[in-house]
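S.K.: Next up, input-v3.txt (compact mmCIF, C-alpha atoms).
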# COMPACT_ATOMS: atom_id res chain seq x y z
CA MET A 18 -7.44 -46.03 -3.81
CA ALA A 19 -4.11 -46.10 -2.00
CA ARG A 20 -1.87 -44.78 -4.79
CA VAL A 21 -2.82 -42.22 -7.44
CA GLU A 22 -1.01 -40.32 -10.20
CA SER A 23 -2.26 -36.84 -9.30
CA VAL A 24 -3.96 -35.03 -6.44
CA LEU A 25 -6.77 -34.34 -8.91
CA ASP A 26 -7.50 -38.09 -8.87
CA LEU A 27 -8.42 -37.66 -5.19
CA VAL A 28 -11.31 -35.30 -5.93
CA GLY A 29 -14.71 -36.87 -5.23
CA SER A 30 -15.66 -40.38 -4.06
CA THR A 31 -16.20 -38.94 -0.58
CA PRO A 32 -17.60 -41.04 2.28
CA VAL A 33 -21.09 -40.82 3.75
CA VAL A 34 -21.51 -41.09 7.52
CA ASP A 35 -24.62 -41.71 9.60
CA VAL A 36 -25.37 -38.71 11.83
CA SER A 37 -28.82 -39.91 12.89
CA ALA A 38 -27.85 -39.42 16.53
CA LEU A 39 -28.77 -35.77 15.79
CA SER A 40 -32.05 -36.63 14.07
CA PRO A 41 -35.12 -35.29 15.89
CA ARG A 42 -37.15 -38.32 14.74
CA ALA A 43 -36.33 -41.98 15.36
CA ASN A 44 -37.92 -42.86 11.99
CA VAL A 45 -35.65 -40.47 10.06
CA THR A 46 -32.08 -41.41 9.16
CA ILE A 47 -29.73 -38.53 8.37
CA LEU A 48 -26.53 -39.18 6.43
CA ALA A 49 -23.81 -36.60 5.80
CA LYS A 50 -21.54 -36.68 2.75
CA LEU A 51 -18.12 -35.47 3.85
CA GLU A 52 -16.90 -33.11 1.14
CA GLY A 53 -14.18 -31.74 3.39
CA ARG A 54 -12.27 -34.90 2.43
CA ASN A 55 -11.52 -33.42 -0.99
CA PRO A 56 -7.84 -32.45 -1.40
CA ALA A 57 -8.31 -28.65 -1.26
CA GLY A 58 -10.84 -29.16 1.52
CA SER A 59 -14.30 -28.60 0.10
CA VAL A 60 -17.10 -29.66 -2.25
CA LYS A 61 -15.82 -26.96 -4.60
CA ASP A 62 -12.91 -29.16 -5.68
CA ARG A 63 -15.38 -31.00 -7.89
CA VAL A 64 -16.53 -27.72 -9.42
CA ALA A 65 -13.02 -26.36 -9.93
CA VAL A 66 -11.90 -29.50 -11.77
CA SER A 67 -15.03 -29.43 -13.91
CA LEU A 68 -14.71 -25.69 -14.75
CA ILE A 69 -11.03 -25.99 -15.73
CA ARG A 70 -11.52 -29.20 -17.73
CA ALA A 71 -14.43 -27.62 -19.62
CA ALA A 72 -12.30 -24.55 -20.44
CA GLU A 73 -9.48 -26.82 -21.65
CA ARG A 74 -11.92 -28.87 -23.74
CA ASP A 75 -13.28 -25.83 -25.52
CA GLY A 76 -9.79 -24.38 -26.05
CA ARG A 77 -10.12 -21.33 -23.78
CA LEU A 78 -7.25 -22.71 -21.73
CA VAL A 79 -4.29 -24.60 -23.15
CA PRO A 80 -2.16 -26.65 -20.73
CA GLY A 81 1.51 -25.70 -20.94
CA ARG A 82 1.02 -22.31 -22.62
CA PRO A 83 2.62 -19.64 -20.41
CA GLY A 84 0.88 -16.45 -19.24
CA GLN A 85 -2.71 -17.66 -19.11
CA ILE A 86 -4.83 -15.90 -16.50
CA VAL A 87 -8.01 -17.28 -14.93
CA MET A 88 -10.34 -14.97 -12.97
CA GLU A 89 -13.28 -15.81 -10.71
CA PRO A 90 -15.46 -14.16 -8.04
CA SER A 91 -15.59 -16.28 -4.88
CA SER A 92 -16.25 -15.82 -1.19
CA GLY A 93 -13.90 -18.67 -0.47
CA ASN A 94 -14.08 -22.31 -1.38
CA THR A 95 -14.30 -22.07 -5.17
CA GLY A 96 -11.35 -19.71 -5.18
CA ILE A 97 -9.31 -22.03 -2.97
CA ALA A 98 -10.17 -25.09 -5.07
CA LEU A 99 -9.40 -23.26 -8.32
CA ALA A 100 -6.11 -22.04 -6.87
CA MET A 101 -5.05 -25.63 -6.23
CA VAL A 102 -6.15 -26.84 -9.68
CA CYS A 103 -4.64 -23.82 -11.48
CA ARG A 104 -1.32 -24.33 -9.75
CA LEU A 105 -1.25 -27.95 -10.90
CA ARG A 106 -2.28 -27.03 -14.44
CA GLY A 107 0.06 -24.01 -14.74
CA TYR A 108 -2.45 -21.13 -14.88
CA ASP A 109 -2.34 -17.85 -12.94
CA LEU A 110 -5.48 -17.23 -10.87
CA LYS A 111 -7.05 -13.95 -9.74
CA VAL A 112 -9.91 -14.27 -7.24
CA VAL A 113 -12.35 -11.40 -6.70
CA MET A 114 -13.34 -11.67 -3.05
CA PRO A 115 -15.26 -9.54 -0.53
CA THR A 116 -12.93 -7.98 2.06
CA ASN A 117 -14.93 -9.39 4.99
CA VAL A 118 -14.35 -13.12 4.59
CA SER A 119 -12.62 -15.10 7.34
CA PRO A 120 -8.83 -14.49 7.18
CA GLU A 121 -8.07 -18.19 6.73
CA ARG A 122 -9.68 -18.09 3.30
CA ARG A 123 -7.39 -15.30 2.17
CA GLN A 124 -4.37 -17.12 3.63
CA LEU A 125 -5.25 -20.33 1.80
CA LEU A 126 -5.57 -18.49 -1.52
CA LEU A 127 -2.18 -16.92 -1.02
CA ALA A 128 -0.75 -20.33 -0.04
CA TRP A 129 -1.83 -21.72 -3.40
CA GLY A 130 -0.29 -18.73 -5.21
CA ALA A 131 -3.51 -16.95 -6.20
CA GLU A 132 -3.85 -13.17 -6.38
CA ILE A 133 -6.75 -11.57 -4.48
CA ILE A 134 -8.72 -8.65 -5.94
CA ASP A 135 -10.74 -7.01 -3.15
CA SER A 136 -14.43 -6.21 -3.59
CA PRO A 137 -16.44 -4.15 -1.07
CA GLY A 138 -17.34 -6.25 1.98
CA THR A 139 -20.66 -4.46 2.44
CA GLU A 140 -21.80 -5.70 -0.98
CA GLY A 141 -21.20 -9.38 -0.16
CA SER A 142 -20.94 -11.91 -2.97
CA ASN A 143 -23.11 -9.69 -5.19
CA GLY A 144 -20.36 -7.07 -5.16
CA ALA A 145 -17.70 -9.66 -6.02
CA VAL A 146 -19.76 -10.92 -8.97
CA ARG A 147 -20.35 -7.36 -10.25
CA LEU A 148 -16.69 -6.39 -9.98
CA ALA A 149 -15.59 -9.63 -11.68
CA GLN A 150 -18.00 -8.96 -14.55
CA SER A 151 -16.63 -5.46 -15.11
CA ILE A 152 -13.01 -6.71 -14.92
CA ALA A 153 -13.85 -9.47 -17.40
CA ALA A 154 -15.17 -6.85 -19.83
CA GLU A 155 -11.90 -4.88 -19.50
CA HIS A 156 -9.74 -8.00 -19.90
CA PRO A 157 -11.32 -10.24 -22.52
CA GLU A 158 -7.97 -12.05 -22.78
CA TRP A 159 -8.45 -13.44 -19.24
CA VAL A 160 -10.51 -16.61 -18.83
CA PHE A 161 -13.59 -15.77 -16.76
CA LEU A 162 -15.05 -19.09 -15.58
CA TYR A 163 -18.14 -17.55 -13.89
CA GLN A 164 -19.33 -20.46 -11.72
CA TYR A 165 -22.76 -18.84 -11.28
CA ALA A 166 -23.55 -19.25 -14.99
CA ASN A 167 -21.22 -22.02 -16.15
CA PRO A 168 -23.00 -25.35 -16.89
CA ALA A 169 -19.78 -27.16 -15.90
CA ASN A 170 -20.65 -26.26 -12.28
CA PRO A 171 -23.90 -28.27 -11.95
CA LEU A 172 -22.48 -30.84 -14.37
CA ALA A 173 -19.77 -31.70 -11.82
CA HIS A 174 -22.50 -32.69 -9.38
CA TYR A 175 -24.69 -34.37 -12.01
CA GLU A 176 -21.76 -36.55 -13.07
CA THR A 177 -20.12 -37.25 -9.71
CA THR A 178 -21.88 -36.19 -6.47
CA GLY A 179 -25.35 -37.37 -7.56
CA PRO A 180 -24.26 -40.84 -8.77
CA GLU A 181 -22.11 -41.32 -5.65
CA ILE A 182 -25.09 -40.54 -3.40
CA LEU A 183 -27.43 -42.92 -5.20
CA ALA A 184 -24.78 -45.70 -5.24
CA ASP A 185 -24.02 -45.35 -1.52
CA VAL A 186 -27.56 -44.53 -0.34
CA PRO A 187 -30.06 -46.16 -2.74
CA GLU A 188 -32.82 -45.65 -0.16
CA VAL A 189 -32.42 -41.83 -0.20
CA THR A 190 -35.76 -40.00 0.10
CA HIS A 191 -34.56 -36.40 0.63
CA PHE A 192 -31.51 -34.40 -0.38
CA VAL A 193 -30.73 -31.22 1.55
CA ALA A 194 -28.00 -28.77 0.49
CA GLY A 195 -27.07 -25.10 0.62
CA LEU A 196 -28.09 -22.77 -2.19
CA GLY A 197 -24.88 -20.74 -2.89
CA THR A 198 -24.42 -20.78 -6.67
CA SER A 199 -27.10 -23.54 -6.71
CA GLY A 200 -24.66 -25.85 -8.53
CA THR A 201 -24.87 -28.70 -5.99
CA LEU A 202 -28.67 -28.57 -5.78
CA MET A 203 -29.17 -28.29 -9.55
CA GLY A 204 -26.71 -31.06 -10.44
CA VAL A 205 -27.52 -33.56 -7.68
CA GLY A 206 -31.21 -32.62 -7.77
CA ARG A 207 -31.54 -33.25 -11.50
CA TYR A 208 -29.60 -36.54 -11.29
CA LEU A 209 -31.64 -37.87 -8.37
CA LYS A 210 -35.00 -36.81 -9.85
CA GLU A 211 -34.11 -38.52 -13.16
CA HIS A 212 -32.92 -41.74 -11.52
CA LYS A 213 -35.17 -41.92 -8.47
CA PRO A 214 -38.38 -39.99 -9.03
CA GLY A 215 -40.00 -38.97 -5.79
CA VAL A 216 -36.82 -37.85 -4.07
CA GLN A 217 -37.42 -34.47 -2.43
CA ILE A 218 -34.86 -31.72 -2.97
CA TRP A 219 -34.57 -29.12 -0.18
CA ALA A 220 -32.55 -25.93 -0.39
CA VAL A 221 -31.11 -24.17 2.63
CA GLU A 222 -30.43 -20.47 2.39
CA PRO A 223 -28.47 -18.42 4.92
CA PRO A 224 -30.12 -14.99 5.35
CA SER A 225 -27.24 -13.17 3.63
CA GLY A 226 -29.69 -10.74 2.03
CA GLU A 227 -30.23 -9.20 5.44
CA ILE A 228 -26.66 -8.00 5.75
CA VAL A 229 -25.95 -6.94 2.17
CA ASP A 230 -26.31 -3.17 2.27
CA GLY A 231 -24.86 -2.59 -1.19
CA LEU A 232 -28.36 -3.03 -2.65
CA ARG A 233 -30.13 0.20 -3.61
CA SER A 234 -33.40 -1.55 -4.42
CA LEU A 235 -34.69 -5.07 -4.88
CA ASP A 236 -34.09 -4.59 -8.60
CA ASP A 237 -30.35 -4.95 -7.84
CA GLY A 238 -31.00 -8.54 -6.75
CA TYR A 239 -29.30 -11.57 -8.24
CA ILE A 240 -30.39 -15.08 -9.18
CA PRO A 241 -27.63 -17.40 -10.46
CA PRO A 242 -28.17 -18.05 -14.18
CA ILE A 243 -27.59 -21.79 -13.62
CA PHE A 244 -30.59 -21.79 -11.24
CA ILE A 245 -32.75 -20.32 -14.02
CA ASP A 246 -31.23 -22.55 -16.75
CA ASN A 247 -32.03 -25.67 -14.69
CA GLN A 248 -35.59 -24.57 -13.85
CA GLY A 249 -34.54 -24.29 -10.22
CA VAL A 250 -37.95 -23.23 -8.93
CA ASP A 251 -39.50 -26.41 -10.34
CA LEU A 252 -36.58 -28.68 -9.41
CA LEU A 253 -36.66 -27.73 -5.73
CA ASP A 254 -39.44 -29.05 -3.51
CA ARG A 255 -38.82 -26.76 -0.57
CA LYS A 256 -36.53 -23.91 0.42
CA VAL A 257 -35.88 -22.87 4.01
CA VAL A 258 -33.92 -20.02 5.50
CA VAL A 259 -31.59 -20.78 8.42
CA ARG A 260 -30.54 -18.04 10.85
CA PRO A 261 -26.96 -17.43 12.02
CA ARG A 262 -27.76 -18.63 15.56
CA GLU A 263 -29.18 -21.96 14.37
CA SER A 264 -26.19 -22.37 12.05
CA ILE A 265 -23.71 -21.93 14.87
CA GLU A 266 -25.74 -24.18 17.20
CA TRP A 267 -25.78 -27.00 14.66
CA THR A 268 -22.13 -26.44 13.72
CA ARG A 269 -21.37 -27.08 17.40
CA ALA A 270 -23.81 -30.01 17.61
CA MET A 271 -22.01 -31.78 14.76
CA THR A 272 -19.04 -32.33 17.10
CA GLN A 273 -21.32 -34.70 19.06
CA VAL A 274 -21.09 -37.11 16.12
CA GLY A 275 -17.37 -36.50 15.70
CA LEU A 276 -17.60 -33.97 12.88
CA PHE A 277 -15.75 -30.64 12.90
CA VAL A 278 -17.51 -28.82 10.08
CA GLY A 279 -17.68 -25.37 8.50
CA ILE A 280 -20.50 -23.02 9.40
CA SER A 281 -22.44 -23.44 6.16
CA SER A 282 -22.54 -27.17 6.92
CA GLY A 283 -24.05 -26.37 10.32
CA ALA A 284 -26.69 -24.32 8.50
CA ILE A 285 -27.40 -27.21 6.13
CA MET A 286 -27.68 -29.63 9.06
CA ALA A 287 -30.19 -27.24 10.64
CA GLY A 288 -32.14 -27.45 7.37
CA ALA A 289 -31.94 -31.25 7.41
CA VAL A 290 -33.41 -31.25 10.91
CA LYS A 291 -36.26 -28.97 9.75
CA CYS A 292 -36.83 -31.43 6.91
CA ALA A 293 -36.88 -34.40 9.33
CA LEU A 294 -39.51 -32.65 11.46
CA THR A 295 -41.93 -32.56 8.49
CA ILE A 296 -41.90 -36.35 8.12
CA PRO A 297 -44.86 -38.16 9.73
CA GLU A 298 -43.88 -40.44 12.59
CA ASP A 299 -45.26 -43.53 10.85
CA GLN A 300 -43.06 -43.04 7.76
CA ALA A 301 -39.41 -43.95 7.31
CA ALA A 302 -37.16 -41.45 5.54
CA THR A 303 -33.49 -41.14 4.68
CA ILE A 304 -32.09 -37.64 4.32
CA VAL A 305 -28.72 -37.10 2.66
CA THR A 306 -27.02 -33.84 3.50
CA ILE A 307 -23.73 -32.26 2.52
CA VAL A 308 -20.85 -31.28 4.75
CA CYS A 309 -19.31 -28.69 2.39
CA ASP A 310 -16.04 -28.28 4.25
CA ASP A 311 -14.36 -28.78 7.63
CA GLY A 312 -14.10 -26.23 10.40
CA TRP A 313 -10.41 -25.28 10.11
CA LYS A 314 -10.99 -22.15 7.99
CA TYR A 315 -13.42 -20.78 10.57
CA LEU A 316 -11.41 -21.11 13.79
CA SER A 317 -10.76 -17.36 13.87
CA THR A 318 -14.52 -16.77 14.09
CA GLY A 319 -14.60 -18.27 17.58
CA ALA A 320 -17.61 -20.31 16.46
CA TRP A 321 -16.82 -23.16 18.86
CA SER A 322 -15.25 -21.30 21.74
CA ASP A 323 -16.77 -17.82 22.10
CA ASP A 324 -20.11 -16.79 23.59
CA ILE A 325 -22.75 -17.60 20.98
CA ASP A 326 -24.26 -14.10 21.15
CA ASP A 327 -20.89 -12.60 20.19
CA VAL A 328 -20.43 -15.10 17.34
CA VAL A 329 -23.92 -14.37 15.98
CA GLU A 330 -23.30 -10.62 16.18
CA ARG A 331 -20.02 -11.02 14.29
CA ALA A 332 -21.80 -13.10 11.63
CA LYS A 333 -23.63 -9.91 10.60
CA ARG A 334 -20.35 -8.35 9.51
CA ILE A 335 -18.17 -11.25 8.39
CA ILE A 336 -19.06 -13.72 5.65
CA TYR A 337 -18.93 -17.11 7.39
CA PHE A 338 -21.23 -19.00 5.04
CA MET B 8 -54.84 -12.68 11.35
CA ALA B 9 -51.95 -10.49 12.45
CA ALA B 10 -48.46 -11.47 11.34
CA THR B 11 -45.10 -9.87 12.04
CA VAL B 12 -43.12 -8.91 8.95
CA ARG B 13 -39.33 -8.53 9.15
CA ILE B 14 -38.19 -5.79 6.79
CA PRO B 15 -34.83 -6.12 4.95
CA THR B 16 -32.28 -3.29 5.06
CA VAL B 17 -32.93 -2.33 1.45
CA LEU B 18 -36.61 -1.52 2.05
CA ARG B 19 -36.27 0.25 5.41
CA PRO B 20 -35.60 3.78 4.08
CA ALA B 21 -38.95 3.64 2.24
CA MET B 22 -40.72 2.39 5.39
CA GLY B 23 -39.64 4.96 7.94
CA GLY B 24 -36.67 2.87 9.07
CA LEU B 25 -38.86 0.16 10.60
CA THR B 26 -37.29 -3.28 11.10
CA THR B 27 -40.59 -5.10 11.78
CA VAL B 28 -44.26 -4.26 11.20
CA SER B 29 -47.47 -6.01 12.21
CA VAL B 30 -49.84 -6.62 9.28
CA GLU B 31 -53.32 -8.12 8.98
CA GLY B 32 -54.11 -10.65 6.25
CA SER B 33 -55.09 -14.25 5.61
CA THR B 34 -52.63 -14.90 2.76
CA ILE B 35 -49.16 -13.71 1.80
CA GLY B 36 -50.72 -11.78 -1.08
CA ASP B 37 -52.99 -9.91 1.38
CA VAL B 38 -50.05 -9.02 3.61
CA LEU B 39 -47.85 -7.74 0.77
CA LEU B 40 -50.72 -5.73 -0.71
CA GLU B 41 -51.43 -4.18 2.68
CA LEU B 42 -47.76 -3.24 3.04
CA THR B 43 -47.64 -1.48 -0.34
CA THR B 44 -50.89 0.34 0.46
CA THR B 45 -49.51 1.58 3.79
CA TYR B 46 -46.06 2.37 2.40
CA PRO B 47 -46.57 3.54 -1.22
CA ALA B 48 -42.82 4.18 -1.62
CA ILE B 49 -42.29 0.39 -1.92
CA GLN B 50 -44.82 0.11 -4.76
CA GLY B 51 -43.42 -2.32 -7.36
CA GLN B 52 -40.81 -3.69 -4.91
CA LEU B 53 -42.89 -6.57 -3.53
CA LEU B 54 -45.49 -7.51 -6.12
CA ASN B 55 -45.59 -7.25 -9.90
CA GLN B 56 -48.59 -5.60 -11.57
CA ASP B 57 -50.13 -9.05 -12.16
CA GLY B 58 -49.98 -9.81 -8.42
CA THR B 59 -47.05 -12.26 -8.61
CA LEU B 60 -43.95 -11.94 -6.43
CA HIS B 61 -41.11 -9.65 -7.52
CA ARG B 62 -38.47 -11.99 -8.99
CA PHE B 63 -35.73 -10.72 -6.67
CA LEU B 64 -37.85 -10.96 -3.51
CA ASN B 65 -37.81 -14.06 -1.32
CA VAL B 66 -40.65 -14.29 1.18
CA TYR B 67 -40.48 -16.72 4.08
CA VAL B 68 -43.29 -17.71 6.45
CA ASN B 69 -41.71 -19.09 9.60
CA ASP B 70 -38.52 -19.76 7.58
CA ASP B 71 -40.31 -21.55 4.68
CA ASP B 72 -39.97 -19.93 1.22
CA VAL B 73 -43.55 -19.26 0.08
CA ARG B 74 -42.73 -20.02 -3.57
CA TYR B 75 -42.78 -23.71 -2.56
CA ILE B 76 -45.84 -23.60 -0.30
CA GLY B 77 -48.45 -21.83 -2.40
CA GLY B 78 -46.86 -18.52 -3.42
CA VAL B 79 -49.02 -15.43 -2.81
CA ASP B 80 -51.89 -17.78 -1.83
CA ALA B 81 -49.89 -19.30 1.05
CA PRO B 82 -52.05 -19.00 4.17
CA ILE B 83 -51.07 -16.93 7.20
CA ALA B 84 -51.92 -17.90 10.77
CA ASP B 85 -51.98 -15.61 13.78
CA ASN B 86 -48.49 -14.83 15.10
CA ASP B 87 -46.75 -16.10 11.97
CA GLU B 88 -43.43 -14.45 11.27
CA ILE B 89 -42.87 -13.32 7.71
CA THR B 90 -39.36 -12.47 6.51
CA LEU B 91 -38.67 -10.52 3.33
CA LEU B 92 -35.19 -11.09 1.89
CA PRO B 93 -33.71 -9.81 -1.34
CA ALA B 94 -32.28 -12.44 -3.69
CA VAL B 95 -28.49 -12.06 -3.65
CA ALA B 96 -25.54 -14.08 -4.90
CA GLY B 97 -24.99 -17.12 -2.72
CA GLY B 98 -22.96 -17.58 0.42
CA ALA B 99 -20.16 -20.14 0.45
CA ALA B 100 -19.53 -19.96 -3.29
Would you write the structure of this file as structure tokens?

M.R.:
Amino acid sequence: MARVESVLDLVGSTPVVDVSALSPRANVTILAKLEGRNPAGSVKDRVAVSLIRAAERDGRLVPGRPGQIVMEPSSGNTGIALAMVCRLRGYDLKVVMPTNVSPERRQLLLAWGAEIIDSPGTEGSNGAVRLAQSIAAEHPEWVFLYQYANPANPLAHYETTGPEILADVPEVTHFVAGLGTSGTLMGVGRYLKEHKPGVQIWAVEPPSGEIVDGLRSLDDGYIPPIFIDNQGVDLLDRKVVVRPRESIEWTRAMTQVGLFVGISSGAIMAGAVKCALTIPEDQAATIVTIVCDDGWKYLSTGAWSDDIDDVVERAKRIIYF
Amino acid sequence: MAATVRIPTVLRPAMGGLTTVSVEGSTIGDVLLELTTTYPAIQGQLLNQDGTLHRFLNVYVNDDDVRYIGGVDAPIADNDEITLLPAVAGGAA
């Protein structure tokens, strides 16, 4: 694919690289799918294209019509990917984002011409979702894509990421990814389970609930509607929580195999290693994991250069994942 | 069996500000029941009336979500670490 008509044609078809040098078991191969190779820099490019195309298909967005506004809550990558796609398609984008994300994310949104609407940092992504919902109710004329509930989100992974993984790694036995909106896990998980029964689907969750102090009670909790719609509890085989320290340690370890990855990808790699450790030594296994994005947007966190205790302490206040 | 339970920020005001507590029990259900008996202010925050887990509560035993390893019947060993986390909207979304 040396020459393409549009940057959007470069979304997807990402490479898979063997990172088994970091596997704790000689009988377990670990392969990482490099989603940072997408043009706006993350796995969310697939989702952004899918969300916008779905809105255009159902007539909520019309290419070429001036003054159309798209709005979305995002702690980073979806907003950045949507900003790129919206600029190409001629839509104005407003991203509702917690104030305490890494500054590079805000800079990238501004670079793509998006407008940022601040939500309280202490309320994390929950607060951004809540504010976006109330703004959507006040502005029904804006197109609210709502990645947490939009079937076009998991569909992107069902139609592209899942088939790519099975084509490139037909021997896959486990798929490990971060939970986030659950779009990657629901889409890839459903595709793999339908086409290769027996594949285990593992979710990795950063302990963000520990630092969200905008919750008054557990009843203020949030489960993405797409997780419920796809019977997420039944689709997943295992779910593990990964701590900030492990995430930073594995983010750093990925440089040993030549990969400079974002911190959520370090967390997912930590989950892949936990998965590998459950596999008996007389069994072969092939784990596919996702590198969601590269490390550039996280340089200001000092994740690679500062004392790890300081980085972990900062992770309690700044959304890195 | 005595396990250490890590308490999330949202539940601490109802539990005297504690960040961890040590609780006896042989299953997750035992441990959560014991917690609500000792701290009645969190009644209804951990378990539903039918004994199932509150839908917005994630419970981890040594970092494994118990919903995938037996739910409230998941066994507890001595010195296990149990983490309670509220379900919130995802991270890198």

S.K.: Please identify every residue of chain A that has at least one atom no more than 8 Å from any atom of chain B, counting all atoms listed in the file, and report them as a short mmCIF file (atom, residue, chain, number, x, y, z; two decimals) with C-alpha atoms, keeping the file's coordinate frame.

M.R.:
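In the end it all went to out-v8.cif:
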data_model
loop_
_atom_site.label_atom_id
_atom_site.label_comp_id
_atom_site.auth_asym_id
_atom_site.auth_seq_id
_atom_site.Cartn_x
_atom_site.Cartn_y
_atom_site.Cartn_z
CA SER A 91 -15.59 -16.28 -4.88
CA SER A 92 -16.25 -15.82 -1.19
CA GLY A 93 -13.90 -18.67 -0.47
CA ASN A 94 -14.08 -22.31 -1.38
CA THR A 95 -14.30 -22.07 -5.17
CA GLY A 141 -21.20 -9.38 -0.16
CA SER A 142 -20.94 -11.91 -2.97
CA ASN A 143 -23.11 -9.69 -5.19
CA VAL A 146 -19.76 -10.92 -8.97
CA LEU A 196 -28.09 -22.77 -2.19
CA GLY A 197 -24.88 -20.74 -2.89
CA THR A 198 -24.42 -20.78 -6.67
CA SER A 199 -27.10 -23.54 -6.71
CA PRO A 223 -28.47 -18.42 4.92
CA PRO A 224 -30.12 -14.99 5.35
CA SER A 225 -27.24 -13.17 3.63
CA GLY A 226 -29.69 -10.74 2.03
CA GLU A 227 -30.23 -9.20 5.44
CA ILE A 228 -26.66 -8.00 5.75
CA VAL A 229 -25.95 -6.94 2.17
CA ASP A 230 -26.31 -3.17 2.27
CA LEU A 232 -28.36 -3.03 -2.65
CA ARG A 233 -30.13 0.20 -3.61
CA SER A 234 -33.40 -1.55 -4.42
CA LEU A 235 -34.69 -5.07 -4.88
CA ASP A 236 -34.09 -4.59 -8.60
CA ASP A 237 -30.35 -4.95 -7.84
CA GLY A 238 -31.00 -8.54 -6.75
CA TYR A 239 -29.30 -11.57 -8.24
CA ILE A 240 -30.39 -15.08 -9.18
CA PRO A 241 -27.63 -17.40 -10.46
CA VAL A 250 -37.95 -23.23 -8.93
CA LEU A 253 -36.66 -27.73 -5.73
CA ASP A 254 -39.44 -29.05 -3.51
CA ARG A 255 -38.82 -26.76 -0.57
CA LYS A 256 -36.53 -23.91 0.42
CA VAL A 257 -35.88 -22.87 4.01
CA VAL A 258 -33.92 -20.02 5.50
CA VAL A 259 -31.59 -20.78 8.42
CA SER A 281 -22.44 -23.44 6.16
CA ILE A 336 -19.06 -13.72 5.65
CA TYR A 337 -18.93 -17.11 7.39
CA PHE A 338 -21.23 -19.00 5.04
#

S.K.: Please list as a PyMOL selection string every residue within 12 Å of A:Lys61, counting all atoms listed in the file and excluding residues in the same chain fewer than 4 positions away.

M.R.: (chain A and resi 28-29+52-57+65-68+91-102+164+169-171+173-174+178+197-201+307-310) or (chain B and resi 99-100)

S.K.: Mind giving me the straight-line distance from atom CA of A:Met88 to atom CA of A:Ala145 in Å, one decimal?

M.R.: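 Value for the atom CA of A:Met88-atom CA of A:Ala145 distance: 11.4 Å.
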
S.K.: Give me the residues within 10 Å of A:Ile134 as a ChimeraX atom specification, counting all atoms listed in the file and dropping any in the same chain fewer than 2 places off.

M.R.: /A:88-90,111-116,131-132,136,145,148-149

S.K.: Generate a file of the selected residues that holds C-alpha atoms, formatted as a compact mmCIF listing (two decimals), in the coordinates of the input.

M.R.:
# COMPACT_ATOMS: atom_id res chain seq x y z
CA MET A 88 -10.34 -14.97 -12.97
CA GLU A 89 -13.28 -15.81 -10.71
CA PRO A 90 -15.46 -14.16 -8.04
CA LYS A 111 -7.05 -13.95 -9.74
CA VAL A 112 -9.91 -14.27 -7.24
CA VAL A 113 -12.35 -11.40 -6.70
CA MET A 114 -13.34 -11.67 -3.05
CA PRO A 115 -15.26 -9.54 -0.53
CA THR A 116 -12.93 -7.98 2.06
CA ALA A 131 -3.51 -16.95 -6.20
CA GLU A 132 -3.85 -13.17 -6.38
CA SER A 136 -14.43 -6.21 -3.59
CA ALA A 145 -17.70 -9.66 -6.02
CA LEU A 148 -16.69 -6.39 -9.98
CA ALA A 149 -15.59 -9.63 -11.68

S.K.: Quote the spacing between atom CA of B:Gly36 and atom CA of B:Asp85 in Å to one decimal place.

M.R.: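 It comes out at 15.4 Å.
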
S.K.: Just how far from atom CA of A:Gly179 is atom CA of A:Ser282, in Å to one decimal?

M.R.: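 Between atom CA of A:Ser282 and atom CA of A:Gly179 the gap works out to 17.9 Å.
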
S.K.: Would you pick out the contacts of B:Ala10 at 9 Å or less, using only C-alpha atoms, so that residues sharing its chain but fewer than 6 positions from it are not included, and give the list as an mmCIF file with C-alpha atoms, in the frame of the given file?

M.R.:
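Saved result, result.cif, follows:
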data_model
loop_
_atom_site.group_PDB
_atom_site.id
_atom_site.type_symbol
_atom_site.label_atom_id
_atom_site.label_comp_id
_atom_site.auth_asym_id
_atom_site.auth_seq_id
_atom_site.Cartn_x
_atom_site.Cartn_y
_atom_site.Cartn_z
ATOM 1 C CA VAL B 28 -44.260 -4.260 11.200
ATOM 2 C CA SER B 29 -47.470 -6.010 12.210
ATOM 3 C CA VAL B 30 -49.840 -6.620 9.280
ATOM 4 C CA GLU B 31 -53.320 -8.120 8.980
ATOM 5 C CA GLY B 32 -54.110 -10.650 6.250
ATOM 6 C CA VAL B 38 -50.050 -9.020 3.610
ATOM 7 C CA ILE B 83 -51.070 -16.930 7.200
ATOM 8 C CA ALA B 84 -51.920 -17.900 10.770
ATOM 9 C CA ASP B 85 -51.980 -15.610 13.780
ATOM 10 C CA ASN B 86 -48.490 -14.830 15.100
ATOM 11 C CA ASP B 87 -46.750 -16.100 11.970
ATOM 12 C CA GLU B 88 -43.430 -14.450 11.270
ATOM 13 C CA ILE B 89 -42.870 -13.320 7.710
#

S.K.: When you look at A:His191 with a cut-off of 9 Å (counting all atoms listed in the file), what residues show up, excluding the ones that are within fewer than 4 positions of it in the same chain? I need them as number ranges by chain.

M.R.: A: 215-219, 289, 292, 302-306

S.K.: Looking at A:Ser59, A:Tyr165, A:Ala287, A:Asp109, which one is nearest to A:Pro80, with distances taken over all atoms listed in the file?

M.R.: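 Of A:Ser59, A:Tyr165, A:Ala287, A:Asp109, the one nearest A:Pro80 is A:Asp109, counting all atoms listed in the file.
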